[in-house]
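start_23.cif, holding mmCIF, C-alpha atoms:
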data_my_file
loop_
_atom_site.label_atom_id
_atom_site.label_comp_id
_atom_site.auth_asym_id
_atom_site.auth_seq_id
_atom_site.Cartn_x
_atom_site.Cartn_y
_atom_site.Cartn_z
CA MET Q 1 8.64 -38.36 -10.27
CA ALA Q 2 10.62 -35.13 -10.43
CA ARG Q 3 9.11 -31.72 -10.84
CA SER Q 4 10.67 -28.46 -11.87
CA GLY Q 5 8.90 -25.15 -12.21
CA TRP Q 6 9.39 -21.42 -12.46
CA LYS Q 7 7.14 -18.46 -11.97
CA GLY Q 8 7.06 -14.91 -13.27
CA ASN Q 9 4.48 -12.12 -13.31
CA GLY Q 10 1.37 -14.26 -13.14
CA THR Q 11 2.63 -17.09 -15.31
CA VAL Q 12 3.21 -20.50 -13.79
CA LYS Q 13 4.87 -23.21 -15.87
CA PHE Q 14 5.47 -26.77 -14.76
CA ARG Q 15 7.40 -29.46 -16.52
CA TRP Q 16 6.73 -32.96 -15.29
CA LEU Q 17 9.30 -35.71 -15.85
CA ALA Q 18 8.04 -39.24 -15.37
CA ASN Q 19 10.30 -42.25 -15.56
CA SER Q 20 8.31 -45.20 -16.92
CA LEU Q 21 9.54 -48.75 -17.40
CA ILE Q 22 8.90 -50.46 -20.74
CA LEU Q 23 9.25 -54.23 -20.78
CA VAL Q 24 10.88 -55.49 -23.96
CA PRO Q 25 11.66 -59.23 -24.27
CA GLY Q 26 15.06 -59.72 -22.72
CA LEU Q 27 15.52 -56.02 -22.02
CA LEU Q 28 14.26 -53.56 -19.42
CA VAL Q 29 14.22 -50.00 -20.84
CA ALA Q 30 13.71 -46.79 -18.88
CA GLN Q 31 11.87 -44.10 -20.86
CA GLU Q 32 11.31 -40.47 -19.88
CA ALA Q 33 7.92 -38.99 -20.72
CA THR Q 34 7.50 -35.20 -20.70
CA PHE Q 35 4.24 -33.41 -20.02
CA ARG Q 36 4.04 -29.62 -20.11
CA THR Q 37 1.20 -27.43 -18.89
CA ASP Q 38 1.07 -23.62 -19.17
CA VAL Q 39 -1.32 -21.84 -16.82
CA ARG Q 40 -1.49 -18.09 -17.38
CA LEU Q 41 -3.19 -15.80 -14.90
CA VAL Q 42 -4.57 -12.81 -16.80
CA HIS Q 43 -4.68 -9.59 -14.78
CA VAL Q 44 -7.19 -6.82 -15.46
CA ILE Q 45 -7.22 -3.42 -13.77
CA ALA Q 46 -10.68 -1.86 -13.47
CA THR Q 47 -12.05 1.52 -12.42
CA VAL Q 48 -15.73 1.91 -11.52
CA LYS Q 49 -17.83 5.08 -11.41
CA ASN Q 50 -21.45 5.89 -10.73
CA HIS Q 51 -23.75 7.87 -13.02
CA ASN Q 52 -22.41 11.12 -11.55
CA GLY Q 53 -18.85 10.22 -12.50
CA GLU Q 54 -17.82 9.59 -8.89
CA LEU Q 55 -15.36 6.80 -8.17
CA VAL Q 56 -16.70 3.67 -6.46
CA GLY Q 57 -14.17 1.77 -4.37
CA ASN Q 58 -16.24 -0.56 -2.16
CA LEU Q 59 -17.27 -3.34 -4.55
CA ALA Q 60 -16.72 -7.06 -3.93
CA LYS Q 61 -15.62 -9.85 -6.26
CA ASP Q 62 -19.19 -11.00 -6.88
CA ASP Q 63 -20.08 -7.57 -8.24
CA PHE Q 64 -17.90 -8.18 -11.33
CA GLU Q 65 -18.17 -10.34 -14.43
CA VAL Q 66 -15.29 -10.98 -16.87
CA LEU Q 67 -15.78 -12.32 -20.39
CA ASP Q 68 -12.93 -13.64 -22.56
CA ASN Q 69 -13.92 -13.77 -26.24
CA GLY Q 70 -17.54 -13.72 -25.06
CA VAL Q 71 -17.24 -16.55 -22.52
CA ARG Q 72 -17.68 -15.79 -18.85
CA GLN Q 73 -14.63 -16.54 -16.71
CA GLU Q 74 -14.25 -17.34 -13.03
CA VAL Q 75 -12.53 -14.50 -11.17
CA ALA Q 76 -9.72 -16.29 -9.32
CA LEU Q 77 -7.99 -13.19 -7.98
CA PHE Q 78 -9.61 -10.06 -6.64
CA GLY Q 79 -8.35 -7.08 -4.73
CA ARG Q 80 -8.49 -3.36 -4.33
CA GLN Q 81 -5.38 -1.78 -5.76
CA THR Q 82 -4.71 0.85 -3.13
CA ASP Q 83 -2.07 -1.18 -1.30
CA LEU Q 84 -0.20 -2.59 -4.31
CA PRO Q 85 3.01 -0.90 -5.52
CA LEU Q 86 2.59 1.45 -8.46
CA SER Q 87 5.01 2.12 -11.31
CA VAL Q 88 4.30 5.23 -13.37
CA ALA Q 89 6.01 6.30 -16.58
CA LEU Q 90 5.46 10.04 -17.00
CA LEU Q 91 5.86 11.05 -20.67
CA VAL Q 92 6.39 14.76 -21.31
CA ASP Q 93 6.06 16.17 -24.83
CA THR Q 94 8.98 18.55 -25.45
CA SER Q 95 8.30 19.17 -29.13
CA GLY Q 96 8.56 22.69 -30.47
CA SER Q 97 4.81 23.31 -30.22
CA THR Q 98 4.94 22.88 -26.43
CA ALA Q 99 7.85 25.29 -25.81
CA LYS Q 100 5.66 28.30 -24.93
CA ASP Q 101 3.85 26.58 -22.06
CA LEU Q 102 6.41 23.93 -21.13
CA GLY Q 103 7.44 25.71 -17.93
CA TYR Q 104 3.90 25.74 -16.58
CA GLU Q 105 3.30 22.15 -17.67
CA THR Q 106 6.42 20.80 -15.99
CA ALA Q 107 5.61 22.73 -12.80
CA SER Q 108 2.18 21.08 -12.75
CA ALA Q 109 3.75 17.69 -13.45
CA ALA Q 110 6.12 18.24 -10.50
CA LYS Q 111 3.12 18.83 -8.21
CA PHE Q 112 1.58 15.62 -9.54
CA LEU Q 113 4.71 13.61 -8.78
CA GLY Q 114 5.04 15.16 -5.33
CA ALA Q 115 1.48 14.16 -4.43
CA LEU Q 116 1.84 10.72 -6.02
CA LEU Q 117 5.04 9.82 -4.18
CA GLY Q 118 3.98 11.51 -0.94
CA GLU Q 119 1.07 9.11 -0.52
CA GLY Q 120 0.36 5.45 -1.10
CA ASN Q 121 2.83 2.60 -1.09
CA PRO Q 122 6.49 3.28 -0.19
CA GLU Q 123 7.39 0.95 -3.07
CA ASP Q 124 5.82 3.29 -5.67
CA ARG Q 125 8.25 4.43 -8.38
CA VAL Q 126 8.23 6.93 -11.26
CA ALA Q 127 10.31 7.13 -14.44
CA LEU Q 128 10.44 10.34 -16.47
CA PHE Q 129 10.42 10.16 -20.28
CA SER Q 130 10.68 13.23 -22.50
CA PHE Q 131 10.07 13.09 -26.23
CA ASN Q 132 10.50 15.30 -29.26
CA TYR Q 133 12.23 13.79 -32.32
CA ASP Q 134 14.15 11.66 -29.79
CA ILE Q 135 13.24 9.96 -26.50
CA GLN Q 136 15.10 10.51 -23.25
CA GLN Q 137 14.47 7.98 -20.49
CA GLY Q 138 15.22 8.14 -16.76
CA GLY Q 139 15.26 5.24 -14.33
CA PHE Q 140 12.46 4.35 -11.93
CA THR Q 141 12.86 6.22 -8.67
CA ARG Q 142 10.98 7.78 -5.77
CA ASN Q 143 13.61 10.51 -5.39
CA TYR Q 144 11.34 13.51 -5.87
CA PRO Q 145 14.06 16.22 -5.85
CA SER Q 146 15.81 14.34 -8.68
CA LEU Q 147 12.61 14.13 -10.73
CA GLU Q 148 11.87 17.81 -10.12
CA ARG Q 149 15.36 18.76 -11.36
CA GLN Q 150 14.90 16.66 -14.48
CA LEU Q 151 11.60 18.39 -15.25
CA LYS Q 152 13.15 21.85 -14.90
CA LEU Q 153 15.86 20.98 -17.43
CA LEU Q 154 13.45 20.03 -20.22
CA LYS Q 155 13.46 22.21 -23.33
CA GLY Q 156 11.33 22.23 -26.47
CA GLU Q 157 12.79 20.92 -29.74
CA THR Q 158 11.49 19.79 -33.12
CA GLY Q 159 9.65 16.54 -33.79
CA THR Q 160 7.09 14.49 -31.86
CA SER Q 161 7.89 10.78 -31.39
CA LEU Q 162 4.84 10.03 -29.24
CA TYR Q 163 4.25 6.43 -30.34
CA ASP Q 164 7.92 5.55 -29.87
CA ALA Q 165 7.80 7.04 -26.37
CA VAL Q 166 4.75 4.94 -25.45
CA TYR Q 167 6.44 1.84 -26.86
CA TYR Q 168 9.64 2.34 -24.85
CA ALA Q 169 7.76 3.23 -21.69
CA ALA Q 170 5.70 0.04 -22.01
CA GLN Q 171 8.89 -1.98 -22.47
CA ALA Q 172 10.35 -0.42 -19.32
CA LEU Q 173 7.18 -1.23 -17.35
CA GLU Q 174 6.70 -4.76 -18.66
CA SER Q 175 8.77 -6.61 -16.07
CA ARG Q 176 7.73 -4.51 -13.08
CA GLU Q 177 5.43 -5.92 -10.40
CA GLY Q 178 2.16 -4.41 -9.23
CA ARG Q 179 0.15 -1.70 -10.91
CA LYS Q 180 1.47 0.16 -13.95
CA ALA Q 181 0.44 3.38 -15.64
CA ILE Q 182 1.64 5.61 -18.46
CA VAL Q 183 0.73 9.28 -18.05
CA ILE Q 184 1.26 11.31 -21.24
CA MET Q 185 1.39 15.11 -21.18
CA THR Q 186 1.14 16.34 -24.79
CA ASP Q 187 -0.68 18.68 -27.14
CA GLY Q 188 -1.53 15.72 -29.41
CA GLY Q 189 -0.16 14.28 -32.61
CA ASP Q 190 2.89 12.34 -33.76
CA THR Q 191 5.31 13.38 -36.50
CA THR Q 192 8.60 11.47 -36.14
CA SER Q 193 7.96 8.00 -34.63
CA THR Q 194 9.30 4.88 -36.27
CA ARG Q 195 6.39 2.90 -34.81
CA ASP Q 196 2.70 3.42 -35.39
CA LEU Q 197 -0.33 3.67 -33.13
CA LYS Q 198 -1.06 -0.06 -33.28
CA ALA Q 199 2.47 -1.01 -32.18
CA ALA Q 200 2.36 1.46 -29.30
CA LEU Q 201 -0.99 0.19 -28.04
CA LYS Q 202 0.08 -3.43 -28.42
CA ALA Q 203 3.20 -2.81 -26.31
CA ALA Q 204 1.08 -1.18 -23.60
CA GLN Q 205 -1.42 -4.05 -23.58
CA MET Q 206 1.36 -6.63 -23.34
CA ALA Q 207 2.82 -4.73 -20.39
CA HIS Q 208 -0.60 -4.66 -18.68
CA THR Q 209 -0.40 -0.90 -18.24
CA VAL Q 210 -3.13 1.74 -18.16
CA ILE Q 211 -2.67 4.89 -20.30
CA TYR Q 212 -3.80 8.35 -19.17
CA PRO Q 213 -3.25 11.01 -21.85
CA VAL Q 214 -3.37 14.61 -20.64
CA VAL Q 215 -3.93 16.67 -23.80
CA VAL Q 216 -3.02 20.27 -23.00
CA LEU Q 217 -5.10 22.62 -25.13
CA PRO Q 218 -3.35 25.92 -25.89
CA ILE Q 219 -5.57 26.04 -28.99
CA THR Q 220 -9.32 25.87 -28.28
CA ASN Q 221 -10.37 26.54 -31.86
CA GLN Q 222 -11.39 23.20 -33.39
CA ALA Q 223 -9.81 24.16 -36.74
CA GLY Q 224 -6.37 24.60 -35.17
CA ARG Q 225 -6.29 21.43 -33.10
CA ASN Q 226 -4.79 18.07 -33.99
CA THR Q 227 -8.04 16.15 -33.65
CA GLY Q 228 -6.53 13.10 -35.34
CA GLY Q 229 -3.83 12.93 -32.70
CA GLU Q 230 -6.41 13.40 -29.95
CA HIS Q 231 -8.50 10.52 -31.29
CA ALA Q 232 -5.39 8.31 -31.36
CA LEU Q 233 -4.71 9.10 -27.70
CA GLU Q 234 -8.33 8.34 -26.80
CA PHE Q 235 -8.00 5.03 -28.65
CA MET Q 236 -4.96 4.05 -26.55
CA ALA Q 237 -6.67 5.12 -23.32
CA GLN Q 238 -9.81 3.14 -24.08
CA GLY Q 239 -7.80 0.08 -25.12
CA THR Q 240 -5.98 -0.03 -21.78
CA GLY Q 241 -8.76 1.04 -19.40
CA GLY Q 242 -7.60 4.62 -18.89
CA ARG Q 243 -9.18 7.92 -19.87
CA THR Q 244 -8.19 11.12 -21.63
CA PHE Q 245 -8.12 14.59 -20.09
CA TYR Q 246 -8.38 17.91 -21.96
CA PRO Q 247 -7.29 20.66 -19.58
CA ALA Q 248 -6.29 24.18 -20.53
CA VAL Q 249 -2.90 25.49 -19.43
CA ASN Q 250 -4.07 26.74 -16.04
CA ALA Q 251 -5.48 25.24 -12.85
CA GLN Q 252 -7.39 22.71 -14.97
CA LEU Q 253 -4.09 20.92 -15.56
CA ASP Q 254 -3.54 20.55 -11.81
CA ARG Q 255 -7.06 19.16 -11.44
CA ALA Q 256 -6.47 16.63 -14.24
CA PHE Q 257 -3.39 15.29 -12.46
CA ALA Q 258 -5.32 15.16 -9.16
CA ASP Q 259 -8.07 13.14 -10.87
CA ILE Q 260 -5.49 10.67 -12.17
CA ILE Q 261 -4.12 10.15 -8.66
CA ARG Q 262 -7.64 9.49 -7.33
CA GLU Q 263 -8.27 6.92 -10.06
CA LEU Q 264 -4.95 5.19 -9.40
CA ARG Q 265 -5.87 4.96 -5.70
CA THR Q 266 -9.36 3.58 -6.40
CA GLN Q 267 -8.76 0.62 -8.70
CA TYR Q 268 -9.60 -3.06 -8.61
CA VAL Q 269 -7.45 -5.96 -9.76
CA LEU Q 270 -9.21 -8.96 -11.30
CA GLY Q 271 -7.39 -12.13 -12.29
CA PHE Q 272 -8.60 -15.22 -14.13
CA TYR Q 273 -7.24 -18.37 -15.75
CA PRO Q 274 -8.73 -18.60 -19.27
CA ARG Q 275 -11.12 -21.54 -19.51
CA ASP Q 276 -13.23 -22.73 -22.48
CA THR Q 277 -12.33 -19.60 -24.44
CA PRO Q 278 -13.21 -19.86 -28.16
CA LEU Q 279 -10.06 -19.27 -30.18
CA THR Q 280 -9.67 -17.34 -33.43
CA LYS Q 281 -6.72 -16.88 -35.76
CA ASP Q 282 -6.00 -13.64 -33.94
CA PRO Q 283 -4.05 -14.11 -30.67
CA PHE Q 284 -5.70 -10.95 -29.34
CA HIS Q 285 -8.47 -11.98 -26.95
CA ARG Q 286 -11.38 -9.59 -26.49
CA LEU Q 287 -12.08 -8.79 -22.86
CA GLU Q 288 -15.24 -7.37 -21.39
CA VAL Q 289 -15.52 -6.44 -17.72
CA ARG Q 290 -18.98 -5.77 -16.35
CA VAL Q 291 -20.48 -4.73 -13.05
CA LYS Q 292 -23.88 -6.10 -12.11
CA SER Q 293 -25.40 -2.80 -11.04
CA PRO Q 294 -26.91 -0.87 -13.98
CA GLU Q 295 -26.13 2.35 -12.09
CA LEU Q 296 -22.38 1.79 -12.41
CA ARG Q 297 -19.96 1.79 -15.34
CA VAL Q 298 -16.56 0.14 -15.48
CA SER Q 299 -13.37 1.02 -17.38
CA ALA Q 300 -10.88 -1.77 -18.13
CA ARG Q 301 -8.61 -2.82 -20.96
CA ASN Q 302 -10.35 -4.37 -23.93
CA GLY Q 303 -8.11 -7.41 -24.46
CA TYR Q 304 -4.87 -9.32 -24.07
CA TYR Q 305 -2.59 -11.47 -26.22
CA GLY Q 306 -2.95 -15.22 -25.69
CA GLU Q 307 -3.66 -18.45 -27.55
CA ALA Q 308 -4.80 -18.48 -31.17
CA GLU Q 309 -6.62 -21.03 -33.32
CA GLY Q 310 -4.38 -23.87 -34.45
CA GLY Q 311 -2.22 -23.89 -31.35
CA GLY Q 312 -0.51 -20.59 -32.06
CA ALA Q 313 -0.03 -18.18 -29.20
CA ALA Q 314 1.71 -15.03 -28.22
CA SER Q 315 5.10 -15.87 -26.81
CA PRO Q 316 5.31 -15.93 -23.00
CA SER Q 317 7.26 -12.67 -23.08
CA ARG Q 318 4.28 -11.04 -24.76
CA ILE Q 319 1.99 -12.03 -21.95
CA SER Q 320 3.81 -11.86 -18.67
CA VAL Q 321 7.46 -12.90 -18.82
CA SER Q 322 9.97 -10.28 -19.92
CA PRO Q 323 13.36 -11.63 -20.99
CA GLU Q 324 15.87 -9.13 -22.30
CA ARG Q 325 15.39 -8.47 -25.99
CA PRO Q 326 17.45 -6.43 -28.43
CA GLY Q 327 16.20 -3.04 -29.48
CA ARG Q 328 14.25 -2.31 -26.34
CA GLN Q 329 15.92 1.02 -25.61
CA PRO Q 330 15.74 4.33 -27.49
CA GLN Q 331 18.57 4.91 -29.90
CA GLN Q 332 19.89 7.76 -27.75
CA PRO Q 333 18.53 7.11 -24.26
CA ALA Q 334 19.34 9.24 -21.27
CA LYS Q 335 21.60 7.59 -18.77
CA LYS Q 336 19.48 5.45 -16.52
CA LYS Q 337 19.67 6.16 -12.85
CA GLN Q 338 19.68 3.48 -10.21
CA GLU Q 339 16.29 2.83 -8.68
CA ASN Q 340 16.03 4.31 -5.24
#

Have the structure of the file written as structure tokens, please.
Amino acid sequence: MARSGWKGNGTVKFRWLANSLILVPGLLVAQEATFRTDVRLVHVIATVKNHNGELVGNLAKDDFEVLDNGVRQEVALFGRQTDLPLSVALLVDTSGSTAKDLGYETASAAKFLGALLGEGNPEDRVALFSFNYDIQQGGFTRNYPSLERQLKLLKGETGTSLYDAVYYAAQALESREGRKAIVIMTDGGDTTSTRDLKAALKAAQMAHTVIYPVVVLPITNQAGRNTGGEHALEFMAQGTGGRTFYPAVNAQLDRAFADIIRELRTQYVLGFYPRDTPLTKDPFHRLEVRVKSPELRVSARNGYYGEAEGGGAASPSRISVSPERPGRQPQQPAKKKQEN
């Protein structure tokens, strides 16, 4: 019996080839039988806090429960995320409405990147995306001086293609190993994207990335704020296990970035192989992650794309394998820099 297999990002596929002999009167025939089994390890990133909002980083595997479409799953993989490499896509809104405070915002973002890359895993990387009517994308790097220079060059222009920026950032993160996060610095709202909220969230969920919107509030009057855009950002954060921040353009922005770093350094990774999961016509599986202590609350993504009723399923690339596909880059992307 011969066996061939390949592995990528939590997906293991085996194809078994068995040569069987069939006896036909007067003739001996060799026949090849093919058996294929797909085993997909679903990863979930979780953050746990107590009733005071303080992060809890000392839990064990038995403290967690994971339900897939309502059915409890066995946690096959467990770990604390502190030591795993982290890839962060930092999305900076450079639309016209941000021009007044863009200098302060980018200075705060530079502090965030300095602290992020100055600690943790030496394999951590950051890619800078800026978006107005267009999206500019940099390569993943840990070269802080380069990132700082890029931030200083940003200028405000018309349009806000927020959903497109999330979509492209998720595509860039999809094939990367370890933890993944999208941090969005914006004043809320989308005016020029070609994709909608659902497509942006779906791309993020398929890339297994957590979204942290930082909604800068130059306008505190409820009547002048884009509450619809803020709700959309909250929806993406909740769907991926992140949370939304609402700092003013002052030291609160620095504190929001510091809180994000603490959360990224105090995460858990849970992995399970779906078993006995009831299927529906929708390939989106509802996930629920619980902790046994009633004093604690957990944040984790609310689902993933897998098998559907009738044998249909999301393609492997939509779960964990990321082959090159056309149309993955912005129409006018910035020149990508080599990862370093």

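Rounded to one decimal, atom CA of Q:Asp187 and atom CA of Q:Leu217 lie 6.3 Å from each other.
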
Residue members of the PyMOL selection byres ((chain Q and resi 140) around 6) in the file shown, as number ranges by chain: Q: 125-127, 139, 141, 339

Ground truth for the PyMOL selection byres ((chain Q and resi 112) around 12), written as a PyMOL selection string: chain Q and resi 88+90+105-111+113-119+126+144+147-148+151+183+185+253-262

Selected residues written out with C-alpha atoms, as a compact mmCIF listing (two decimals), in the frame of the given file:
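Written out: result.txt:
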# COMPACT_ATOMS: atom_id res chain seq x y z
CA VAL Q 88 4.30 5.23 -13.37
CA LEU Q 90 5.46 10.04 -17.00
CA GLU Q 105 3.30 22.15 -17.67
CA THR Q 106 6.42 20.80 -15.99
CA ALA Q 107 5.61 22.73 -12.80
CA SER Q 108 2.18 21.08 -12.75
CA ALA Q 109 3.75 17.69 -13.45
CA ALA Q 110 6.12 18.24 -10.50
CA LYS Q 111 3.12 18.83 -8.21
CA LEU Q 113 4.71 13.61 -8.78
CA GLY Q 114 5.04 15.16 -5.33
CA ALA Q 115 1.48 14.16 -4.43
CA LEU Q 116 1.84 10.72 -6.02
CA LEU Q 117 5.04 9.82 -4.18
CA GLY Q 118 3.98 11.51 -0.94
CA GLU Q 119 1.07 9.11 -0.52
CA VAL Q 126 8.23 6.93 -11.26
CA TYR Q 144 11.34 13.51 -5.87
CA LEU Q 147 12.61 14.13 -10.73
CA GLU Q 148 11.87 17.81 -10.12
CA LEU Q 151 11.60 18.39 -15.25
CA VAL Q 183 0.73 9.28 -18.05
CA MET Q 185 1.39 15.11 -21.18
CA LEU Q 253 -4.09 20.92 -15.56
CA ASP Q 254 -3.54 20.55 -11.81
CA ARG Q 255 -7.06 19.16 -11.44
CA ALA Q 256 -6.47 16.63 -14.24
CA PHE Q 257 -3.39 15.29 -12.46
CA ALA Q 258 -5.32 15.16 -9.16
CA ASP Q 259 -8.07 13.14 -10.87
CA ILE Q 260 -5.49 10.67 -12.17
CA ILE Q 261 -4.12 10.15 -8.66
CA ARG Q 262 -7.64 9.49 -7.33

For the PyMOL selection byres ((chain Q and resi 51) around 9), applied here, can you spell out every residue it catches as a CSV table (one decimal) with C-alpha atoms, in the coordinates of the input?
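For reference, out-v3.csv as written:
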chain,number,residue,atom,x,y,z
Q,49,LYS,CA,-17.8,5.1,-11.4
Q,50,ASN,CA,-21.4,5.9,-10.7
Q,52,ASN,CA,-22.4,11.1,-11.6
Q,53,GLY,CA,-18.8,10.2,-12.5
Q,54,GLU,CA,-17.8,9.6,-8.9
Q,295,GLU,CA,-26.1,2.4,-12.1
Q,296,LEU,CA,-22.4,1.8,-12.4
Q,297,ARG,CA,-20.0,1.8,-15.3

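Atom CA of Q:Glu230 is found 15.2 Å from atom CA of Q:Thr98.
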
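The spacing separating atom CA of Q:Tyr163 from atom CA of Q:Ala89 amounts to 13.9 Å.
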
Given all atoms listed in the file as the basis, pick out the residue of Q:Ser146, Q:Ser97, Q:Asn121, Q:Asn302 nearest to Q:Gly178. Q:Asn121

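If you count only C-alpha atoms and ignore residues fewer than 5 places along the chain from stretch 69-84 of chain Q, what sits within 7 Å of it is Lys61, Asn121, Gly178, Arg179, Arg265, Thr266, Gln267, Tyr268, Val269, Leu270, Gly271, Phe272, Pro274, Arg275, Thr277, Pro278, His285, Arg286 and Leu287 of chain Q.
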